[in-house]
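Here's input.pdb, which has PDB, C-alpha atoms, pLDDT in the B column:
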ATOM      1  CA  MET A  83       0.000   0.000   0.000  1.00 48.00           C
ATOM      2  CA  ALA A  84       1.474   3.328  -1.051  1.00 50.00           C
ATOM      3  CA  GLU A  85       2.046   5.911   1.647  1.00 52.00           C
ATOM      4  CA  ILE A  86      -0.289   8.925   1.430  1.00 50.00           C
ATOM      5  CA  PRO A  87       1.887  12.001   0.965  1.00 51.00           C
ATOM      6  CA  ASP A  88       1.534  14.976   3.251  1.00 52.00           C
ATOM      7  CA  ARG A  89       0.899  18.562   2.087  1.00 51.00           C
ATOM      8  CA  THR A  90       4.518  19.221   1.137  1.00 52.00           C
ATOM      9  CA  ASP A  91       5.424  15.842  -0.368  1.00 54.00           C
ATOM     10  CA  PRO A  92       4.844  15.236  -4.086  1.00 54.00           C
ATOM     11  CA  PRO A  93       2.573  12.339  -4.985  1.00 52.00           C
ATOM     12  CA  ASP A  94       4.299   8.950  -5.275  1.00 51.00           C
ATOM     13  CA  LEU A  95       4.177   8.300  -8.988  1.00 49.00           C
ATOM     14  CA  THR A  96       6.616   5.362  -8.829  1.00 52.00           C
ATOM     15  CA  ALA A  97       3.934   2.937  -7.758  1.00 50.00           C
ATOM     16  CA  THR A  98       3.315   0.268 -10.347  1.00 52.00           C
ATOM     17  CA  ASP A  99      -0.416  -0.048  -9.667  1.00 56.00           C
ATOM     18  CA  PRO A 100      -2.323   2.681 -11.641  1.00 59.00           C
ATOM     19  CA  SER A 101      -5.041   2.796  -8.988  1.00 68.00           C
ATOM     20  CA  GLU A 102      -2.455   3.512  -6.316  1.00 68.00           C
ATOM     21  CA  ARG A 103      -0.947   6.322  -8.384  1.00 64.00           C
ATOM     22  CA  GLN A 104      -4.416   7.803  -8.851  1.00 69.00           C
ATOM     23  CA  ARG A 105      -5.164   7.659  -5.116  1.00 68.00           C
ATOM     24  CA  ALA A 106      -1.843   9.305  -4.350  1.00 64.00           C
ATOM     25  CA  ARG A 107      -2.525  12.068  -6.852  1.00 67.00           C
ATOM     26  CA  LEU A 108      -6.019  12.709  -5.463  1.00 60.00           C
ATOM     27  CA  ALA A 109      -4.692  12.772  -1.891  1.00 62.00           C
ATOM     28  CA  ALA A 110      -2.098  15.363  -2.864  1.00 56.00           C
ATOM     29  CA  LEU A 111      -4.693  17.519  -4.571  1.00 52.00           C
ATOM     30  CA  ALA A 112      -7.023  17.281  -1.571  1.00 54.00           C
ATOM     31  CA  THR A 113      -4.367  18.575   0.801  1.00 57.00           C
ATOM     32  CA  ARG A 114      -3.119  21.307  -1.484  1.00 56.00           C
ATOM     33  CA  GLN A 115      -4.250  24.821  -0.604  1.00 55.00           C
ATOM     34  CA  PRO A 116      -5.872  26.697  -3.506  1.00 55.00           C
ATOM     35  CA  PRO A 117      -4.040  29.792  -4.746  1.00 57.00           C
ATOM     36  CA  ARG A 118      -4.678  32.991  -2.839  1.00 57.00           C
ATOM     37  CA  GLY A 119      -6.506  34.514  -5.804  1.00 55.00           C
ATOM     38  CA  GLN A 120      -8.933  31.613  -5.943  1.00 65.00           C
ATOM     39  CA  ARG A 121      -9.656  31.885  -2.226  1.00 68.00           C
ATOM     40  CA  ALA A 122     -10.299  35.619  -2.558  1.00 68.00           C
ATOM     41  CA  GLY A 123     -12.574  35.063  -5.538  1.00 67.00           C
ATOM     42  CA  ARG A 124     -14.492  32.359  -3.657  1.00 76.00           C
ATOM     43  CA  TRP A 125     -15.097  34.596  -0.642  1.00 76.00           C
ATOM     44  CA  MET A 126     -16.041  37.493  -2.904  1.00 77.00           C
ATOM     45  CA  ARG A 127     -18.636  35.403  -4.726  1.00 80.00           C
ATOM     46  CA  LEU A 128     -20.045  34.157  -1.425  1.00 80.00           C
ATOM     47  CA  PHE A 129     -20.240  37.676  -0.004  1.00 78.00           C
ATOM     48  CA  HIS A 130     -21.747  39.033  -3.221  1.00 79.00           C
ATOM     49  CA  VAL A 131     -24.487  36.386  -3.312  1.00 81.00           C
ATOM     50  CA  TYR A 132     -25.606  36.735   0.293  1.00 82.00           C
ATOM     51  CA  VAL A 133     -25.460  40.534   0.380  1.00 82.00           C
ATOM     52  CA  SER A 134     -27.435  40.669  -2.874  1.00 81.00           C
ATOM     53  CA  MET A 135     -30.104  38.317  -1.533  1.00 83.00           C
ATOM     54  CA  GLY A 136     -30.255  40.102   1.810  1.00 80.00           C
ATOM     55  CA  SER A 137     -30.732  43.496   0.164  1.00 82.00           C
ATOM     56  CA  MET A 138     -33.063  42.231  -2.582  1.00 85.00           C
ATOM     57  CA  LEU A 139     -36.212  43.923  -1.239  1.00 88.00           C
ATOM     58  CA  VAL A 140     -34.637  47.324  -0.601  1.00 87.00           C
ATOM     59  CA  VAL A 141     -32.911  47.255  -4.000  1.00 86.00           C
ATOM     60  CA  ALA A 142     -36.228  46.460  -5.697  1.00 90.00           C
ATOM     61  CA  PHE A 143     -37.936  49.275  -3.775  1.00 92.00           C
ATOM     62  CA  PHE A 144     -35.405  51.935  -4.744  1.00 90.00           C
ATOM     63  CA  ALA A 145     -35.361  50.669  -8.335  1.00 90.00           C
ATOM     64  CA  LEU A 146     -39.156  50.851  -8.719  1.00 92.00           C
ATOM     65  CA  THR A 147     -39.523  54.200  -6.971  1.00 93.00           C
ATOM     66  CA  GLY A 148     -36.616  55.543  -9.031  1.00 91.00           C
ATOM     67  CA  LEU A 149     -38.740  54.727 -12.071  1.00 92.00           C
ATOM     68  CA  THR A 150     -41.829  56.418 -10.651  1.00 92.00           C
ATOM     69  CA  LEU A 151     -39.796  59.484  -9.655  1.00 91.00           C
ATOM     70  CA  ASN A 152     -38.798  59.837 -13.289  1.00 90.00           C
ATOM     71  CA  HIS A 153     -42.494  59.904 -14.246  1.00 91.00           C
ATOM     72  CA  PRO A 154     -44.176  62.378 -11.868  1.00 87.00           C
ATOM     73  CA  ASP A 155     -47.341  62.310 -13.976  1.00 88.00           C
ATOM     74  CA  TRP A 156     -48.020  58.707 -12.938  1.00 90.00           C
ATOM     75  CA  SER A 157     -50.467  58.200 -10.088  1.00 87.00           C
ATOM     76  CA  LEU A 158     -51.929  55.391  -8.048  1.00 88.00           C
ATOM     77  CA  GLY A 159     -55.064  56.633  -6.371  1.00 86.00           C
ATOM     78  CA  SER A 160     -56.107  60.234  -5.852  1.00 90.00           C
ATOM     79  CA  THR A 161     -55.267  63.190  -3.650  1.00 91.00           C
ATOM     80  CA  THR A 162     -57.804  63.960  -0.952  1.00 94.00           C
ATOM     81  CA  THR A 163     -58.210  67.047   1.225  1.00 95.00           C
ATOM     82  CA  THR A 164     -60.428  67.051   4.305  1.00 95.00           C
ATOM     83  CA  THR A 165     -61.365  69.868   6.655  1.00 96.00           C
ATOM     84  CA  ALA A 166     -62.605  69.474  10.228  1.00 95.00           C
ATOM     85  CA  HIS A 167     -63.542  71.903  12.987  1.00 95.00           C
ATOM     86  CA  GLY A 168     -63.365  71.792  16.745  1.00 93.00           C
ATOM     87  CA  THR A 169     -62.708  73.696  19.946  1.00 93.00           C
ATOM     88  CA  LEU A 170     -59.350  74.111  21.639  1.00 92.00           C
ATOM     89  CA  PRO A 171     -58.899  72.161  24.871  1.00 91.00           C
ATOM     90  CA  ALA A 172     -59.193  74.164  28.071  1.00 89.00           C
ATOM     91  CA  GLY A 173     -55.987  75.795  29.233  1.00 88.00           C
ATOM     92  CA  SER A 174     -54.224  75.576  25.846  1.00 91.00           C
ATOM     93  CA  VAL A 175     -54.459  79.360  25.291  1.00 89.00           C
ATOM     94  CA  THR A 176     -54.053  81.898  28.086  1.00 87.00           C
ATOM     95  CA  GLY A 177     -54.089  85.442  26.743  1.00 83.00           C
ATOM     96  CA  ARG A 178     -51.348  85.299  24.093  1.00 84.00           C
ATOM     97  CA  THR A 179     -49.564  82.379  25.697  1.00 89.00           C
ATOM     98  CA  VAL A 180     -50.084  79.225  23.637  1.00 92.00           C
ATOM     99  CA  ASP A 181     -49.445  75.640  24.716  1.00 94.00           C
ATOM    100  CA  TYR A 182     -48.580  74.280  21.275  1.00 94.00           C
ATOM    101  CA  LEU A 183     -47.859  70.777  22.560  1.00 94.00           C
ATOM    102  CA  LYS A 184     -51.321  70.492  24.113  1.00 94.00           C
ATOM    103  CA  ILE A 185     -52.986  71.771  20.949  1.00 94.00           C
ATOM    104  CA  SER A 186     -50.912  69.443  18.783  1.00 95.00           C
ATOM    105  CA  GLU A 187     -51.807  66.382  20.853  1.00 95.00           C
ATOM    106  CA  TYR A 188     -55.469  67.397  20.699  1.00 95.00           C
ATOM    107  CA  ALA A 189     -55.278  67.803  16.899  1.00 94.00           C
ATOM    108  CA  ARG A 190     -53.670  64.384  16.453  1.00 94.00           C
ATOM    109  CA  ASP A 191     -56.338  62.697  18.576  1.00 94.00           C
ATOM    110  CA  ALA A 192     -59.328  64.628  17.230  1.00 93.00           C
ATOM    111  CA  PHE A 193     -58.426  64.876  13.537  1.00 94.00           C
ATOM    112  CA  GLY A 194     -56.074  61.927  13.004  1.00 92.00           C
ATOM    113  CA  ILE A 195     -53.142  64.116  11.994  1.00 93.00           C
ATOM    114  CA  THR A 196     -49.821  62.365  11.475  1.00 91.00           C
ATOM    115  CA  GLY A 197     -46.321  63.494  10.521  1.00 91.00           C
ATOM    116  CA  HIS A 198     -43.946  65.790  12.335  1.00 93.00           C
ATOM    117  CA  VAL A 199     -44.425  69.455  13.211  1.00 94.00           C
ATOM    118  CA  LYS A 200     -42.866  71.549  10.469  1.00 94.00           C
ATOM    119  CA  ASP A 201     -43.726  75.055  11.671  1.00 95.00           C
ATOM    120  CA  TYR A 202     -45.846  76.844  14.234  1.00 95.00           C
ATOM    121  CA  GLY A 203     -46.531  80.379  15.417  1.00 94.00           C
ATOM    122  CA  VAL A 204     -49.028  83.174  15.983  1.00 93.00           C
ATOM    123  CA  SER A 205     -49.893  86.025  13.640  1.00 91.00           C
ATOM    124  CA  GLY A 206     -52.360  88.513  15.056  1.00 89.00           C
ATOM    125  CA  ASP A 207     -55.168  86.580  16.723  1.00 90.00           C
ATOM    126  CA  THR A 208     -54.562  83.410  14.693  1.00 93.00           C
ATOM    127  CA  GLY A 209     -52.217  80.574  15.556  1.00 94.00           C
ATOM    128  CA  THR A 210     -51.061  77.827  13.226  1.00 96.00           C
ATOM    129  CA  ILE A 211     -49.323  74.469  13.450  1.00 96.00           C
ATOM    130  CA  ASP A 212     -48.140  72.854  10.224  1.00 97.00           C
ATOM    131  CA  TYR A 213     -47.361  69.148   9.838  1.00 97.00           C
ATOM    132  CA  ALA A 214     -45.594  67.168   7.126  1.00 95.00           C
ATOM    133  CA  GLY A 215     -45.188  63.468   6.386  1.00 94.00           C
ATOM    134  CA  PRO A 216     -44.381  61.308   3.361  1.00 94.00           C
ATOM    135  CA  GLY A 217     -47.035  62.214   0.817  1.00 93.00           C
ATOM    136  CA  SER A 218     -49.137  64.129   3.315  1.00 94.00           C
ATOM    137  CA  SER A 219     -49.464  67.550   4.936  1.00 95.00           C
ATOM    138  CA  ALA A 220     -51.750  69.153   7.480  1.00 96.00           C
ATOM    139  CA  SER A 221     -52.406  72.604   8.876  1.00 96.00           C
ATOM    140  CA  VAL A 222     -54.150  73.474  12.129  1.00 96.00           C
ATOM    141  CA  MET A 223     -55.432  77.044  12.523  1.00 96.00           C
ATOM    142  CA  PHE A 224     -56.912  78.274  15.787  1.00 95.00           C
ATOM    143  CA  SER A 225     -58.282  81.547  17.117  1.00 92.00           C
ATOM    144  CA  LEU A 226     -56.832  82.972  20.289  1.00 91.00           C
ATOM    145  CA  GLY A 227     -60.075  84.876  20.967  1.00 88.00           C
ATOM    146  CA  THR A 228     -62.795  82.295  20.227  1.00 89.00           C
ATOM    147  CA  SER A 229     -60.798  79.068  20.822  1.00 89.00           C
ATOM    148  CA  THR A 230     -62.124  77.629  17.557  1.00 93.00           C
ATOM    149  CA  VAL A 231     -59.797  75.365  15.591  1.00 95.00           C
ATOM    150  CA  THR A 232     -59.804  74.224  11.961  1.00 96.00           C
ATOM    151  CA  ALA A 233     -57.716  71.353  10.639  1.00 96.00           C
ATOM    152  CA  THR A 234     -57.003  70.803   6.938  1.00 96.00           C
ATOM    153  CA  VAL A 235     -55.407  67.487   5.998  1.00 96.00           C
ATOM    154  CA  THR A 236     -54.095  66.655   2.514  1.00 96.00           C
ATOM    155  CA  GLN A 237     -53.254  63.067   1.623  1.00 95.00           C
ATOM    156  CA  ASN A 238     -51.576  62.408  -1.724  1.00 94.00           C
ATOM    157  CA  ASP A 239     -51.808  59.171  -3.723  1.00 93.00           C
ATOM    158  CA  LEU A 240     -49.754  56.054  -2.966  1.00 93.00           C
ATOM    159  CA  LEU A 241     -47.032  56.777  -5.539  1.00 93.00           C
ATOM    160  CA  ALA A 242     -46.455  60.209  -4.005  1.00 93.00           C
ATOM    161  CA  VAL A 243     -46.027  58.534  -0.613  1.00 94.00           C
ATOM    162  CA  LEU A 244     -43.535  55.990  -1.999  1.00 94.00           C
ATOM    163  CA  ASN A 245     -41.611  58.705  -3.871  1.00 94.00           C
ATOM    164  CA  ASP A 246     -41.249  60.769  -0.696  1.00 94.00           C
ATOM    165  CA  ILE A 247     -40.039  57.675   1.178  1.00 94.00           C
ATOM    166  CA  HIS A 248     -37.482  57.067  -1.590  1.00 93.00           C
ATOM    167  CA  LYS A 249     -36.153  60.613  -1.155  1.00 92.00           C
ATOM    168  CA  GLY A 250     -36.385  60.525   2.634  1.00 92.00           C
ATOM    169  CA  ARG A 251     -38.625  63.579   2.541  1.00 92.00           C
ATOM    170  CA  ASP A 252     -40.410  64.222   5.829  1.00 91.00           C
ATOM    171  CA  THR A 253     -39.422  60.791   7.188  1.00 90.00           C
ATOM    172  CA  ASN A 254     -37.912  60.085  10.590  1.00 87.00           C
ATOM    173  CA  ARG A 255     -34.249  59.507  11.393  1.00 87.00           C
ATOM    174  CA  SER A 256     -34.547  55.718  11.340  1.00 89.00           C
ATOM    175  CA  TRP A 257     -35.430  55.768   7.636  1.00 90.00           C
ATOM    176  CA  SER A 258     -32.500  58.088   7.010  1.00 90.00           C
ATOM    177  CA  TRP A 259     -30.257  55.324   8.378  1.00 91.00           C
ATOM    178  CA  VAL A 260     -31.940  52.819   6.053  1.00 90.00           C
ATOM    179  CA  ILE A 261     -31.101  55.020   3.049  1.00 91.00           C
ATOM    180  CA  ASP A 262     -27.457  55.357   4.130  1.00 91.00           C
ATOM    181  CA  VAL A 263     -27.061  51.625   4.763  1.00 89.00           C
ATOM    182  CA  SER A 264     -28.756  50.803   1.447  1.00 89.00           C
ATOM    183  CA  ALA A 265     -26.351  53.062  -0.409  1.00 89.00           C
ATOM    184  CA  VAL A 266     -23.368  51.333   1.202  1.00 89.00           C
ATOM    185  CA  VAL A 267     -24.807  47.877   0.467  1.00 87.00           C
ATOM    186  CA  LEU A 268     -25.374  48.732  -3.204  1.00 88.00           C
ATOM    187  CA  LEU A 269     -21.808  49.998  -3.447  1.00 88.00           C
ATOM    188  CA  VAL A 270     -20.482  46.777  -1.890  1.00 86.00           C
ATOM    189  CA  VAL A 271     -22.551  44.651  -4.289  1.00 87.00           C
ATOM    190  CA  THR A 272     -21.179  46.650  -7.214  1.00 85.00           C
ATOM    191  CA  LEU A 273     -17.565  46.368  -6.113  1.00 85.00           C
ATOM    192  CA  THR A 274     -17.791  42.643  -5.368  1.00 84.00           C
ATOM    193  CA  GLY A 275     -19.447  42.095  -8.742  1.00 83.00           C
ATOM    194  CA  ILE A 276     -16.520  43.833 -10.434  1.00 82.00           C
ATOM    195  CA  GLY A 277     -14.085  41.856  -8.291  1.00 81.00           C
ATOM    196  CA  ILE A 278     -15.680  38.562  -9.319  1.00 81.00           C
ATOM    197  CA  GLN A 279     -15.188  39.444 -12.984  1.00 80.00           C
ATOM    198  CA  LEU A 280     -11.527  40.222 -12.354  1.00 79.00           C
ATOM    199  CA  PHE A 281     -10.998  36.610 -11.268  1.00 77.00           C
ATOM    200  CA  GLN A 282     -12.728  35.197 -14.352  1.00 78.00           C
ATOM    201  CA  ARG A 283      -9.888  34.758 -16.848  1.00 78.00           C
ATOM    202  CA  LYS A 284     -12.108  33.898 -19.791  1.00 80.00           C
ATOM    203  CA  ARG A 285     -14.516  36.805 -19.299  1.00 79.00           C
ATOM    204  CA  ARG A 286     -12.283  39.340 -17.585  1.00 79.00           C
ATOM    205  CA  THR A 287     -11.294  41.337 -20.670  1.00 85.00           C
ATOM    206  CA  SER A 288     -14.755  41.452 -22.221  1.00 86.00           C
ATOM    207  CA  ALA A 289     -16.350  42.339 -18.862  1.00 83.00           C
ATOM    208  CA  LEU A 290     -13.928  45.204 -18.216  1.00 82.00           C
ATOM    209  CA  VAL A 291     -14.316  46.524 -21.763  1.00 87.00           C
ATOM    210  CA  THR A 292     -18.106  46.429 -21.442  1.00 87.00           C
ATOM    211  CA  ALA A 293     -17.999  48.163 -18.055  1.00 83.00           C
ATOM    212  CA  GLY A 294     -15.629  50.820 -19.394  1.00 87.00           C
ATOM    213  CA  VAL A 295     -17.754  51.537 -22.461  1.00 91.00           C
ATOM    214  CA  LEU A 296     -20.965  51.800 -20.438  1.00 89.00           C
ATOM    215  CA  ALA A 297     -19.243  54.033 -17.890  1.00 88.00           C
ATOM    216  CA  VAL A 298     -18.138  56.411 -20.634  1.00 92.00           C
ATOM    217  CA  VAL A 299     -21.647  56.418 -22.145  1.00 92.00           C
ATOM    218  CA  THR A 300     -23.140  57.192 -18.726  1.00 89.00           C
ATOM    219  CA  LEU A 301     -20.720  60.086 -18.151  1.00 91.00           C
ATOM    220  CA  VAL A 302     -21.522  61.496 -21.607  1.00 92.00           C
ATOM    221  CA  LEU A 303     -25.254  61.301 -20.924  1.00 89.00           C
ATOM    222  CA  MET A 304     -24.763  62.997 -17.557  1.00 87.00           C
ATOM    223  CA  TYR A 305     -22.843  65.781 -19.259  1.00 86.00           C
ATOM    224  CA  VAL A 306     -25.495  66.173 -21.966  1.00 90.00           C
ATOM    225  CA  ALA A 307     -28.247  66.279 -19.320  1.00 86.00           C
ATOM    226  CA  THR A 308     -26.640  69.329 -17.690  1.00 84.00           C
ATOM    227  CA  ARG A 309     -26.407  71.342 -20.919  1.00 80.00           C
TER     228      ARG A 309
END
What does this structure look like when you write it as structure tokens?
Amino acid sequence: MAEIPDRTDPPDLTATDPSERQRARLAALATRQPPRGQRAGRWMRLFHVYVSMGSMLVVAFFALTGLTLNHPDWSLGSTTTTTAHGTLPAGSVTGRTVDYLKISEYARDAFGITGHVKDYGVSGDTGTIDYAGPGSSASVMFSLGTSTVTATVTQNDLLAVLNDIHKGRDTNRSWSWVIDVSAVVLLVVTLTGIGIQLFQRKRRTSALVTAGVLAVVTLVLMYVATR
């Protein structure tokens, strides 16, 4: 029985039995470490696949809403505007001192207003609180003298909501983090995709030429778009 060579020993090709020579050759190949470039390419492909699958939903969302942003005339639903009236809660206005937080909480409960406060203030005998959210806006106007309050809420169609979410307009800080992380993930997917092609000897040249040509075309189109 031929001795199985270790990692550094060459296979024993002096054995007379062909099956023994084959086993020795296979044992040597099994213990041989792949070249560093192959290991890097393997890890890059693995990373590329799992990052791509993990970010599939967010990539699809930004791709679709990028398309709808380029066609602002598209719509999905209709824009609605509603107006409601009420009376300020007791103690929210004392002379010209206004408890905006109390009025805002009342408006959210009574009129279903969402979004964050964008602006507020008093002009003459009229106070206002303005709200903004993705695809929506609201304005609360109240009288310092009569304590009457009027709320006007505008809700845009679904595509307007999705487009605002894409741009991060009037969203909270958590969604801002999602946009930043998504941008980094897309960049990583792009770079690993390029790296994978660099390790493909048969397709490396054609892939780089194609990428270079398309990059030049994109830069030209960007330049033309600014003229």
Show me, as JSON, the centre and edge lengths in Å to one decimal of the axis-aligned box that covers every listed atom of stretch 179-185 of chain A with 3 Å on each side.
{"center_x": -50.4, "center_y": 76.4, "center_z": 23.3, "size_x": 11.1, "size_y": 17.9, "size_z": 10.7}
From the list A:Leu241, A:Leu226, A:Ala142, A:Ala297, which residue is nearest A:Thr179 when using all atoms listed in the file?
A:Leu226
Residue IDs satisfying the PyMOL selection byres ((chain A and resi 201-206) around 12), as a PyMOL selection string:
chain A and resi 175+178-183+185-186+197-200+207-214+219-227
Mind giving me the straight-line distance from atom CA of A:Ser218 to atom CA of A:Val235 in Å, one decimal?
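Interatomic distance, atom CA of A:Ser218 to atom CA of A:Val235: 7.6 Å.
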Determine the residue membership of the PyMOL selection byres ((chain A and resi 216) around 10) for the file above and supply it as an MDAnalysis selection string.
chainID A and resid 196:197 214:215 217:219 237:238 240 242:254
What does the distance from atom CA of A:Ala192 to atom CA of A:Thr161 come to in Å, to one decimal?
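One can read the atom CA of A:Ala192 to atom CA of A:Thr161 distance as 21.3 Å.
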Residues matched by the PyMOL selection byres ((chain A and resi 279) around 12) as a list in words
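Going through the file, the PyMOL selection byres ((chain A and resi 279) around 12) ends up selecting Gly123, Arg124, Met126, Arg127, His130, Thr272, Leu273, Thr274, Gly275, Ile276, Gly277, Ile278, Leu280, Phe281, Gln282, Arg283, Lys284, Arg285, Arg286, Thr287, Ser288, Ala289, Leu290, Val291, Thr292 and Ala293 of chain A.
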Counting all atoms listed in the file, the residue of A:Tyr188, A:Leu269, A:Gly194, A:Ser160 that sits nearest A:Gly173:
A:Tyr188
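Put simply, atom CA of A:Trp257 is 19.6 Å away from atom CA of A:Val133.
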List as JSON, numbers by chain the protein and nucleic acid residues near stretch 262-265 of chain A, meaning an atom at most 9 Å away when only C-alpha atoms are counted, but skip any in the same chain fewer than 3 places from it.
{"A": [137, 140, 141, 257, 258, 259, 268, 269, 270]}
